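Colleague: Just run39.csv, nothing more (CSV, C-alpha atoms):
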```csv
chain,number,residue,atom,x,y,z
A,1,MET,CA,177.2,65.6,127.0
A,2,GLU,CA,180.3,67.6,128.1
A,3,ASN,CA,179.3,70.5,125.8
A,4,ALA,CA,175.8,70.5,127.3
A,5,GLN,CA,177.3,70.5,130.8
A,6,THR,CA,179.5,73.4,129.9
A,7,LEU,CA,176.5,75.5,128.7
A,8,LEU,CA,174.6,74.5,131.8
A,9,ASN,CA,177.2,75.8,134.1
A,10,GLN,CA,177.9,79.0,132.1
A,11,VAL,CA,176.1,82.3,132.9
A,12,PHE,CA,175.2,84.2,129.7
A,13,SER,CA,174.4,87.9,129.3
A,14,VAL,CA,171.2,88.7,127.3
A,15,THR,CA,173.3,89.8,124.4
A,16,GLN,CA,175.4,86.7,124.5
A,17,ILE,CA,172.5,84.3,124.4
A,18,THR,CA,170.7,86.3,121.8
A,19,SER,CA,173.8,86.3,119.6
A,20,TYR,CA,174.1,82.5,120.1
A,21,ILE,CA,170.5,82.0,119.1
A,22,LYS,CA,170.9,84.3,116.1
A,23,GLU,CA,173.9,82.4,114.9
A,24,ILE,CA,172.1,79.0,115.2
A,25,LEU,CA,168.8,80.1,113.5
A,26,GLU,CA,170.3,82.2,110.7
A,27,GLY,CA,172.9,79.4,110.0
A,28,ALA,CA,170.2,76.7,110.0
A,29,PHE,CA,167.6,78.5,107.9
A,30,ARG,CA,169.4,80.4,105.2
A,31,THR,CA,167.0,79.7,102.4
A,32,ILE,CA,163.6,78.3,103.3
A,33,THR,CA,160.0,78.4,101.8
A,34,VAL,CA,157.1,78.9,104.1
A,35,GLU,CA,153.4,78.7,103.2
A,36,GLY,CA,150.8,80.4,105.2
A,37,GLU,CA,148.0,83.0,105.3
A,38,ILE,CA,148.8,86.8,105.4
A,39,SER,CA,147.6,88.6,108.5
A,40,ASN,CA,148.0,92.2,109.8
A,41,PHE,CA,149.3,93.3,106.4
A,42,LYS,CA,151.0,96.8,106.7
A,43,PRO,CA,152.8,98.4,103.7
A,44,SER,CA,155.1,101.3,104.8
A,45,SER,CA,155.6,104.6,103.0
A,46,ALA,CA,159.2,103.6,102.3
A,47,GLY,CA,158.0,100.6,100.1
A,48,HIS,CA,158.6,97.9,102.6
A,49,ILE,CA,155.9,95.3,103.5
A,50,TYR,CA,155.3,94.1,107.0
A,51,PHE,CA,153.0,91.2,107.7
A,52,THR,CA,152.5,88.0,109.6
A,53,LEU,CA,152.3,84.5,108.1
A,54,LYS,CA,150.0,82.2,110.0
A,55,ASP,CA,148.2,78.9,110.0
A,56,ASN,CA,145.8,77.3,112.5
A,57,ASP,CA,148.4,77.0,115.3
A,58,SER,CA,151.3,79.4,114.8
A,59,GLN,CA,152.4,82.8,113.5
A,60,LEU,CA,155.6,84.0,111.9
A,61,ARG,CA,156.5,87.7,111.6
A,62,SER,CA,157.7,88.5,108.1
A,63,VAL,CA,159.1,91.5,106.2
A,64,MET,CA,159.6,92.0,102.5
A,65,PHE,CA,161.9,95.0,101.8
A,66,ARG,CA,161.3,97.5,99.0
A,67,GLY,CA,163.7,95.9,96.5
A,68,ALA,CA,162.1,92.5,96.7
A,69,ALA,CA,158.6,94.0,96.9
A,70,TYR,CA,159.0,95.6,93.4
A,71,SER,CA,159.1,92.1,91.9
A,72,LEU,CA,155.6,91.2,93.1
A,73,ASN,CA,153.1,90.5,90.3
A,74,PHE,CA,150.1,90.8,92.5
A,75,LYS,CA,148.9,92.9,95.4
A,76,PRO,CA,148.9,91.0,98.7
A,77,LYS,CA,146.3,91.6,101.3
A,78,ASP,CA,145.0,90.1,104.6
A,79,GLY,CA,143.6,86.6,104.1
A,80,ASP,CA,145.7,85.8,101.0
A,81,LYS,CA,147.4,82.4,101.2
A,82,VAL,CA,151.0,82.8,99.9
A,83,ARG,CA,154.2,80.9,99.6
A,84,CYS,CA,157.3,82.9,100.7
A,85,THR,CA,160.9,82.2,100.1
A,86,GLY,CA,163.6,83.8,102.2
A,87,ASN,CA,165.8,83.4,105.3
A,88,ILE,CA,165.2,83.6,109.1
A,89,SER,CA,166.7,86.6,110.8
A,90,VAL,CA,167.0,87.4,114.5
A,91,TYR,CA,166.5,91.1,115.5
A,92,ALA,CA,168.7,91.2,118.6
A,93,PRO,CA,167.4,94.6,120.1
A,94,HIS,CA,163.9,93.1,120.4
A,95,GLY,CA,164.9,89.5,120.9
A,96,ASN,CA,162.6,88.2,118.2
A,97,TYR,CA,162.9,86.5,114.9
A,98,GLN,CA,161.3,87.0,111.6
A,99,LEU,CA,161.3,85.8,108.0
A,100,ILE,CA,163.1,88.0,105.5
A,101,VAL,CA,161.1,87.4,102.3
A,102,ASN,CA,162.9,87.6,99.0
A,103,LYS,CA,160.1,86.0,96.9
A,104,MET,CA,156.4,85.7,97.3
A,105,GLU,CA,153.9,83.7,95.3
A,106,ALA,CA,150.1,83.4,95.6
A,107,ALA,CA,149.0,80.1,96.9
A,108,GLY,CA,145.2,80.4,96.8
A,109,SER,CA,142.7,82.2,98.9
A,110,GLY,CA,143.1,82.3,102.6
A,111,ASN,CA,140.8,80.0,104.7
A,112,ILE,CA,139.5,82.9,106.8
A,113,LEU,CA,138.4,85.0,103.8
A,114,MET,CA,136.8,82.0,102.2
A,115,MET,CA,134.9,81.2,105.4
A,116,LEU,CA,133.8,84.9,105.7
A,117,GLU,CA,132.6,85.0,102.1
A,118,GLN,CA,130.6,81.8,102.5
A,119,ARG,CA,129.0,83.1,105.7
A,120,LYS,CA,128.3,86.5,104.0
A,121,GLN,CA,126.5,84.8,101.1
A,122,LYS,CA,124.5,82.7,103.5
A,123,LEU,CA,123.3,85.6,105.7
A,124,ALA,CA,122.7,87.8,102.7
A,125,ALA,CA,120.4,85.1,101.2
A,126,GLU,CA,118.4,85.2,104.4
A,127,GLY,CA,117.8,88.9,103.9
A,128,LEU,CA,119.8,90.1,106.9
A,129,PHE,CA,121.7,92.7,104.9
A,130,ASP,CA,118.7,94.1,102.9
A,131,ASP,CA,118.3,97.9,103.0
A,132,SER,CA,114.6,97.5,103.4
A,133,ARG,CA,115.0,96.2,107.0
A,134,LYS,CA,117.5,98.9,108.1
A,135,LYS,CA,116.2,101.5,110.6
A,136,SER,CA,116.8,105.2,110.4
A,137,LEU,CA,119.0,106.8,113.2
A,138,PRO,CA,117.0,109.2,115.5
A,139,GLN,CA,117.8,112.9,114.7
A,140,PHE,CA,118.0,113.9,118.4
A,141,PRO,CA,119.1,110.9,120.5
A,142,GLN,CA,119.5,111.4,124.3
A,143,THR,CA,121.5,108.4,125.1
A,144,ILE,CA,124.2,106.5,123.2
A,145,GLY,CA,125.0,102.9,124.1
A,146,VAL,CA,128.5,101.5,123.3
A,147,VAL,CA,129.2,97.8,123.1
A,148,THR,CA,133.0,97.5,123.3
A,149,SER,CA,136.0,96.9,125.6
A,150,PRO,CA,135.9,99.4,128.5
A,151,ASN,CA,139.7,99.6,128.4
A,152,GLY,CA,140.2,99.9,124.6
A,153,ALA,CA,141.0,102.9,122.5
A,154,ALA,CA,137.6,102.8,120.9
A,155,ILE,CA,135.7,103.9,124.0
A,156,ARG,CA,138.2,106.7,124.6
A,157,ASP,CA,137.8,108.0,121.1
A,158,ILE,CA,134.0,107.8,121.3
A,159,LEU,CA,133.9,109.6,124.7
A,160,GLN,CA,136.3,112.3,123.4
A,161,VAL,CA,134.2,112.9,120.2
A,162,THR,CA,130.9,112.9,122.2
A,163,GLY,CA,132.2,115.4,124.8
A,164,ARG,CA,133.4,117.7,122.0
A,165,ARG,CA,130.2,117.5,120.0
A,166,ASN,CA,127.5,117.5,122.7
A,167,ARG,CA,128.4,117.6,126.4
A,168,THR,CA,124.8,116.9,127.4
A,169,MET,CA,124.7,113.5,125.7
A,170,ASN,CA,124.5,110.5,127.9
A,171,VAL,CA,126.8,107.6,127.1
A,172,ILE,CA,126.3,104.1,128.5
A,173,VAL,CA,129.2,101.7,128.2
A,174,LEU,CA,128.2,98.1,127.8
A,175,PRO,CA,131.5,96.3,128.6
A,176,ALA,CA,132.2,93.4,126.2
A,177,VAL,CA,135.1,91.2,125.3
A,178,VAL,CA,136.1,92.1,121.8
A,179,GLN,CA,138.8,89.5,121.0
A,180,GLY,CA,139.1,85.7,121.4
A,181,GLU,CA,136.6,82.9,122.0
A,182,GLU,CA,134.6,84.7,124.6
A,183,ALA,CA,134.1,87.8,122.5
A,184,ALA,CA,131.1,86.8,120.4
A,185,PRO,CA,128.9,85.6,123.4
A,186,SER,CA,129.9,88.7,125.3
A,187,ILE,CA,128.9,91.1,122.4
A,188,ILE,CA,125.6,89.3,121.9
A,189,LYS,CA,124.8,89.5,125.6
A,190,MET,CA,125.4,93.3,125.7
A,191,ILE,CA,123.2,93.8,122.6
A,192,GLU,CA,120.4,91.8,124.2
A,193,ILE,CA,120.7,93.7,127.5
A,194,ALA,CA,120.5,97.1,125.7
A,195,ASN,CA,117.4,96.0,123.9
A,196,PHE,CA,115.6,94.3,126.8
A,197,TYR,CA,116.0,97.3,129.1
A,198,LYS,CA,115.8,99.9,126.3
A,199,LEU,CA,118.9,101.6,127.6
A,200,CYS,CA,119.7,103.9,124.7
A,201,ASP,CA,118.5,105.5,121.4
A,202,ILE,CA,121.5,104.4,119.3
A,203,LEU,CA,123.8,101.4,119.8
A,204,ILE,CA,127.4,101.6,118.7
A,205,VAL,CA,129.0,98.1,118.4
A,206,GLY,CA,132.7,97.9,117.6
A,207,ARG,CA,136.4,98.1,118.6
A,208,GLY,CA,139.7,99.5,117.4
A,209,GLY,CA,141.8,98.2,114.6
A,210,GLY,CA,143.5,94.8,114.6
A,211,SER,CA,144.3,91.8,112.4
A,212,ILE,CA,141.7,89.9,110.5
A,213,GLU,CA,141.7,87.3,113.2
A,214,ASP,CA,141.2,90.0,115.9
A,215,LEU,CA,138.1,91.2,114.2
A,216,LEU,CA,136.5,87.8,113.6
A,217,PRO,CA,134.1,88.1,116.6
A,218,PHE,CA,132.3,90.9,114.7
A,219,SER,CA,131.8,88.5,111.8
A,220,ASP,CA,130.4,85.7,114.0
A,221,GLU,CA,127.0,84.5,112.7
A,222,ASN,CA,125.2,84.9,116.0
A,223,VAL,CA,126.6,88.4,116.5
A,224,VAL,CA,125.4,89.4,113.0
A,225,ARG,CA,122.0,88.0,113.8
A,226,ALA,CA,121.9,89.9,117.1
A,227,ILE,CA,122.7,93.2,115.3
A,228,ALA,CA,120.1,92.5,112.6
A,229,GLY,CA,117.5,91.7,115.2
A,230,SER,CA,118.1,94.8,117.4
A,231,SER,CA,115.1,97.0,117.9
A,232,ILE,CA,117.6,99.8,118.7
A,233,PRO,CA,119.3,101.3,115.6
A,234,VAL,CA,122.9,99.9,115.4
A,235,ILE,CA,126.1,101.6,114.1
A,236,SER,CA,128.9,99.1,113.3
A,237,ALA,CA,132.3,100.6,114.0
A,238,VAL,CA,134.9,97.9,113.6
A,239,GLY,CA,138.6,98.7,113.1
A,240,HIS,CA,139.9,101.3,110.7
A,241,ASP,CA,138.8,102.6,107.3
A,242,ILE,CA,140.1,99.5,105.4
A,243,ASP,CA,138.7,97.0,107.9
A,244,TRP,CA,135.3,95.3,107.3
A,245,ALA,CA,133.3,92.8,109.3
A,246,LEU,CA,130.0,91.1,108.6
A,247,SER,CA,128.5,93.3,111.3
A,248,ASP,CA,129.0,96.2,109.0
A,249,TYR,CA,126.5,94.7,106.5
A,250,ALA,CA,123.9,93.8,109.1
A,251,ALA,CA,124.0,97.1,111.0
A,252,ASP,CA,121.7,100.0,110.2
A,253,CYS,CA,124.8,102.2,109.6
A,254,ARG,CA,128.5,101.5,109.1
A,255,ALA,CA,131.2,103.8,110.4
A,256,ALA,CA,134.8,103.6,109.3
A,257,THR,CA,136.1,104.0,112.8
A,258,PRO,CA,134.7,104.3,116.4
A,259,SER,CA,135.4,108.0,116.2
A,260,ALA,CA,133.4,108.3,113.0
A,261,ALA,CA,130.5,106.4,114.7
A,262,ALA,CA,130.4,109.0,117.4
A,263,GLU,CA,130.4,111.7,114.7
A,264,ILE,CA,127.4,110.1,113.1
A,265,ALA,CA,125.4,109.3,116.3
A,266,VAL,CA,126.0,112.5,118.2
A,267,PRO,CA,124.5,115.7,116.8
A,268,LEU,CA,126.4,118.9,117.4
A,269,LEU,CA,124.9,120.8,120.4
A,270,SER,CA,125.6,124.1,118.6
A,271,ASP,CA,123.6,122.9,115.6
A,272,ILE,CA,120.7,121.9,117.8
A,273,THR,CA,120.8,125.2,119.7
A,274,GLN,CA,120.9,127.1,116.4
A,275,GLN,CA,118.0,125.1,114.9
A,276,ILE,CA,115.9,125.6,118.0
A,277,ALA,CA,116.6,129.3,117.8
A,278,GLU,CA,115.5,129.3,114.2
A,279,TYR,CA,112.3,127.4,114.9
A,280,ARG,CA,111.6,129.8,117.8
A,281,SER,CA,112.1,132.8,115.6
A,282,GLU,CA,110.0,131.3,112.8
A,283,LEU,CA,107.2,130.4,115.3
A,284,TYR,CA,107.3,133.9,116.8
A,285,GLU,CA,107.0,135.5,113.4
A,286,ASN,CA,104.1,133.3,112.4
A,287,ILE,CA,102.2,134.0,115.6
A,288,LYS,CA,102.9,137.7,115.3
A,289,GLY,CA,101.7,137.7,111.7
A,290,LYS,CA,98.5,136.0,112.6
A,291,ILE,CA,97.8,138.4,115.5
A,292,ASP,CA,98.4,141.4,113.2
A,293,ASN,CA,96.0,139.9,110.7
A,294,LYS,CA,93.3,139.4,113.4
A,295,ARG,CA,93.8,143.0,114.6
A,296,LEU,CA,93.3,144.3,111.1
A,297,LEU,CA,90.2,142.2,110.8
A,298,ILE,CA,88.8,143.5,114.1
A,299,LYS,CA,89.3,147.1,113.0
A,300,THR,CA,86.9,146.5,110.1
A,301,PHE,CA,84.1,145.9,112.6
A,302,ASP,CA,83.4,149.5,113.6
A,303,PRO,CA,79.7,150.8,113.2
A,304,SER,CA,80.3,152.7,110.0
A,305,SER,CA,82.2,149.9,108.3
A,306,LEU,CA,79.7,147.4,109.5
A,307,GLU,CA,76.9,149.4,108.0
A,308,LEU,CA,78.8,149.7,104.8
A,309,ARG,CA,79.6,146.0,104.7
A,310,PHE,CA,75.9,145.3,105.4
A,311,ARG,CA,74.8,147.6,102.6
A,312,SER,CA,77.3,146.0,100.3
A,313,ILE,CA,75.7,142.6,101.1
A,314,GLN,CA,72.1,143.9,101.2
A,315,GLN,CA,72.1,145.9,98.0
A,316,PRO,CA,72.8,143.1,95.6
A,317,LEU,CA,70.1,141.1,97.3
A,318,LEU,CA,67.6,143.9,97.0
A,319,ASN,CA,68.5,144.3,93.4
A,320,ARG,CA,68.0,140.6,92.8
A,321,PHE,CA,64.6,140.9,94.6
A,322,ASP,CA,63.5,143.9,92.5
A,323,ARG,CA,64.5,142.1,89.3
A,324,ALA,CA,62.7,139.0,90.4
A,325,LYS,CA,59.6,141.0,91.4
A,326,THR,CA,59.6,142.8,88.0
A,327,ASP,CA,60.1,139.5,86.1
A,328,LEU,CA,57.3,137.8,88.1
A,329,THR,CA,54.9,140.7,87.5
A,330,ASP,CA,55.7,140.8,83.8
A,331,GLU,CA,55.2,137.0,83.6
A,332,ILE,CA,51.9,137.1,85.4
A,333,LYS,CA,50.6,139.9,83.1
A,334,ALA,CA,51.7,137.9,80.1
A,335,LYS,CA,49.9,134.9,81.4
A,336,ILE,CA,46.7,137.0,82.0
A,337,ARG,CA,46.8,138.3,78.5
A,338,ASP,CA,47.2,134.8,77.1
A,339,TYR,CA,44.2,133.6,79.2
A,340,ARG,CA,42.1,136.6,78.1
A,341,VAL,CA,42.7,135.8,74.5
A,342,LYS,CA,41.8,132.2,75.1
A,343,LEU,CA,38.6,133.2,77.0
A,344,ASP,CA,37.5,135.5,74.2
A,345,GLY,CA,37.9,132.7,71.8
A,346,TYR,CA,35.9,130.3,74.1
A,347,LYS,CA,33.2,133.0,74.5
A,348,THR,CA,32.9,133.4,70.7
A,349,ILE,CA,32.5,129.7,70.3
A,350,LEU,CA,29.9,129.5,73.1
A,351,GLU,CA,28.0,132.4,71.7
A,352,ASN,CA,28.0,130.9,68.2
A,353,ALA,CA,26.7,127.7,69.7
A,354,SER,CA,24.0,129.2,71.9
A,355,PRO,CA,20.2,128.6,70.9
A,356,GLU,CA,19.5,132.3,71.0
A,357,THR,CA,22.1,133.0,68.3
A,358,ILE,CA,20.7,130.1,66.3
A,359,PHE,CA,17.2,131.3,66.7
A,360,LYS,CA,18.3,134.8,65.5
A,361,ARG,CA,19.5,133.2,62.3
A,362,GLY,CA,15.9,132.0,61.6
A,363,TYR,CA,15.8,128.7,63.3
A,364,SER,CA,13.0,127.6,65.7
A,365,MET,CA,12.5,124.9,68.2
A,366,VAL,CA,9.4,122.6,67.9
A,367,CYS,CA,8.0,120.7,70.9
A,368,ASP,CA,5.1,118.4,71.4
A,369,GLU,CA,2.4,118.8,74.0
A,370,ASN,CA,4.7,117.2,76.5
A,371,GLY,CA,7.6,119.5,75.8
A,372,ASN,CA,9.6,116.9,73.9
A,373,ILE,CA,11.7,118.4,71.1
A,374,ILE,CA,10.6,117.2,67.7
A,375,ARG,CA,13.6,116.2,65.6
A,376,SER,CA,11.8,114.1,63.0
A,377,ALA,CA,8.4,114.1,61.3
A,378,GLY,CA,7.9,110.6,62.4
A,379,GLN,CA,7.6,111.8,66.0
A,380,VAL,CA,4.2,113.5,65.4
A,381,GLN,CA,0.8,112.5,64.2
A,382,THR,CA,-1.9,114.4,62.2
A,383,GLY,CA,-3.9,116.6,64.5
A,384,ALA,CA,-1.2,116.9,67.2
A,385,THR,CA,-0.7,120.3,68.7
A,386,LEU,CA,2.9,121.6,68.6
A,387,THR,CA,4.6,124.6,70.2
A,388,ILE,CA,7.0,126.5,67.9
A,389,THR,CA,9.6,128.7,69.6
A,390,PRO,CA,11.3,131.3,67.2
A,391,ALA,CA,13.8,134.0,68.3
A,392,GLN,CA,10.9,136.0,69.8
A,393,GLY,CA,7.6,134.7,71.2
A,394,LYS,CA,5.9,131.3,70.8
A,395,ILE,CA,3.6,129.8,68.2
A,396,LYS,CA,0.9,127.2,68.7
A,397,ALA,CA,0.3,125.0,65.7
A,398,LYS,CA,-1.8,121.9,64.7
A,399,VAL,CA,-0.4,119.3,62.4
A,400,ILE,CA,-2.5,119.0,59.2
A,401,GLU,CA,-0.3,116.5,57.4
```
Show the structure stored in the file as structure tokens.
Modeller:
Amino acid sequence: MENAQTLLNQVFSVTQITSYIKEILEGAFRTITVEGEISNFKPSSAGHIYFTLKDNDSQLRSVMFRGAAYSLNFKPKDGDKVRCTGNISVYAPHGNYQLIVNKMEAAGSGNILMMLEQRKQKLAAEGLFDDSRKKSLPQFPQTIGVVTSPNGAAIRDILQVTGRRNRTMNVIVLPAVVQGEEAAPSIIKMIEIANFYKLCDILIVGRGGGSIEDLLPFSDENVVRAIAGSSIPVISAVGHDIDWALSDYAADCRAATPSAAAEIAVPLLSDITQQIAEYRSELYENIKGKIDNKRLLIKTFDPSSLELRFRSIQQPLLNRFDRAKTDLTDEIKAKIRDYRVKLDGYKTILENASPETIFKRGYSMVCDENGNIIRSAGQVQTGATLTITPAQGKIKAKVIE
């Protein structure tokens, strides 16, 4: 009690109280083992490893120096659940404490990564990540919408890249909370507003880098569904190159950083100008070529050339007519000859069959008194008068027998 009263009445300097705390903490926790999940993992070029150990309620800054890091038999990463053995150290200049890790063992997968993997499999099974449903980005967008924090580094990077690439591009900032419990509803609301009012041609949804916990809103199931259901093409730009969120799988395009998203979304003004100039030149040459061809065609319609062209068309037709006329005449003559031959034959047959010719060969025609031709002896009676007609003249005769 007396000791506590002495401390209560004493005024400490910052250095004194920090040294006092350092002495207490480092003396009490010389060798301890802490189990938790790795977050904000950052290896340095010198070989040291900086990270945070966390559970559901607390975080503990940790460092594993190069000598101890060489003994690792696995490659730690964000989300890994590990068991670290070391001692607590107080860094007086910053007034904070951290765990100096001498030994690290894997203690199973981190809860966050397990949760994200399960959610990823669920949404993938629904087809939200299928390439078949992804939309193409417009080649010449006029307005870019950005769902992000209006005060973060992401929007500054996007505006800087946009201004450099195409100063005529319109950028609409849809301010959203990008970290914490309010982040997911805020992001969803901005995506819905952009689609309802058709505010832009391309929508960039993202934020700058952070720990795996900081990026969790972009893996929220409802955020993923909002991105997948957007009628406006979406570019997901969450964190840095190594960071991934489920929004990256649902978006129509994934960018490694917000700056890269602007590079993808915003076409270079110089490229557009050059392409327009090329199209204009090509169109001019095509039109000029067509006009020149028409002029050459018109020149061929002077009187002499027209007469020549008419003759060139007429002459073959006349030749065809003459040939047809000759062929028709020859065919008619041939038909006439054939018919004459046939008529001569018919004439000979008729002449041979005529009574006059028959009579000339010695035959006669016998008729009774009534002029009936007698073909049989039974047709006449004795005493009947008959008229016999030979080739010339007529003979009257009486039947004796």
Colleague: If we count all atoms listed in the file and set the cut-off at 7 Å, which residues sit around range 64-77 of chain A, ignoring sequence neighbours fewer than 5 positions away in its own chain? Please answer as number ranges by chain.
Modeller: A: 38, 41, 47-50, 100-104
Colleague: Expressed in Å to a single decimal, how great is the separation between CA of Leu317 in chain A and CA of Pro303 in chain A?
Modeller: 21.0 Å
Colleague: Using only C-alpha atoms, can you tell me which of A:Arg337, A:Lys81, A:Lys360, A:His240 comes closest to Glu35 in chain A?
Modeller: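 Comparing A:Arg337, A:Lys81, A:Lys360, A:His240 against Glu35 in chain A, the winner is A:Lys81.
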Colleague: What's around Asp157 in chain A at 9 Å? Count all atoms listed in the file, leave out sequence neighbours fewer than 5 positions away in its own chain, and write the answer as a PyMOL selection string.
Modeller: chain A and resi 162+258-259+262
Colleague: List as a CSV table (one decimal) with C-alpha atoms, in the coordinates of the input the protein and nucleic acid residues near Pro93 in chain A, meaning an atom at most 12 Å away when all atoms listed in the file are counted, but skip any in the same chain fewer than 5 places from it.
Modeller:
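Writing the result to out.csv gives the following:
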```csv
chain,number,residue,atom,x,y,z
A,14,VAL,CA,171.2,88.7,127.3
A,15,THR,CA,173.3,89.8,124.4
A,18,THR,CA,170.7,86.3,121.8
A,19,SER,CA,173.8,86.3,119.6
A,22,LYS,CA,170.9,84.3,116.1
```
Colleague: Please check which residues have atoms at most 10 Å from (131.4, 93.7, 110.0) in the file's coordinates, counting all atoms listed in the file, and write them as a list in words.
Modeller: Lys120, Val205, Gly206, Leu215, Leu216, Pro217, Phe218, Ser219, Asp220, Val223, Val224, Ser236, Ala237, Val238, Gly239, Asp243, Trp244, Ala245, Leu246, Ser247, Asp248, Tyr249, Ala250, Ala251 and Arg254 of chain A
Colleague: Go through A:Gln142, A:Ser13, A:Gln314, A:Gln379 one by one, measure the shortest atom-to-atom distance of each to Ala265 in chain A using only C-alpha atoms, and give the residue with the smallest value.
Modeller: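 Looking only at the distances to Ala265 in chain A, the closest residue turns out to be A:Gln142.
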Colleague: Using only C-alpha atoms, find the one residue out of A:Asp271, A:Glu351, A:Asp57, A:Glu117 that sits nearest to Arg165 in chain A.
Modeller: A:Asp271
Colleague: Which one is closest to Gln16 in chain A: A:Lys396, A:Val161, A:Ala92, A:Ile242? Count only C-alpha atoms.
Modeller: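 For Gln16 in chain A, the nearest of the candidates is A:Ala92.
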Colleague: Report, in Å to a single decimal, how far apart CA of Arg167 in chain A and CA of Gln274 in chain A are.
Modeller: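 Taking CA of Gln274 in chain A and CA of Arg167 in chain A, their separation equals 15.7 Å.
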Colleague: Box along x, y and z, 8 Å on every side, all listed atoms of range 74-87 of chain A inside: centre and edge lengths in Å to one decimal, as AutoDock Vina command-line options.
Modeller:
```
--center_x 154.7 --center_y 86.9 --center_z 98.9 --size_x 38.2 --size_y 28.0 --size_z 28.8
```
Colleague: Would you please work out which residue, of A:Glu213, A:Ile21, A:Ser231, A:Val178, is nearest to Gln59 in chain A when using all atoms listed in the file?
Modeller: A:Glu213
Colleague: In Å, how far is it from CA of Ser230 in chain A to CA of Glu192 in chain A?
Modeller: 7.8 Å
Colleague: Hey, can you pull every residue with an atom no more than 6 Å from (129.6, 92.1, 128.0), using only C-alpha atoms, and send it as a ChimeraX atom specification?
Modeller: /A:175-176,186-187,189-190
Colleague: Tell me, as a list in words, which residues lie within 12 Å of Arg156 in chain A, counting only C-alpha atoms; anything in the same chain fewer than 4 positions away does not count.
Modeller: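 With the cut-off at 12 Å, the set is Val146, Thr148, Ser149, Pro150, Asn151, Gly152, Gln160, Val161, Thr162, Gly163, Val171, Val173, Arg207, Gly208, Pro258, Ser259 and Ala262 of chain A.
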Colleague: When distances are computed from all atoms listed in the file, which of A:Leu283, A:Ala154, A:Ile298, A:Cys84 shows the smallest separation from Val63 in chain A?
Modeller: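 For Val63 in chain A, the nearest of the given residues is A:Cys84.
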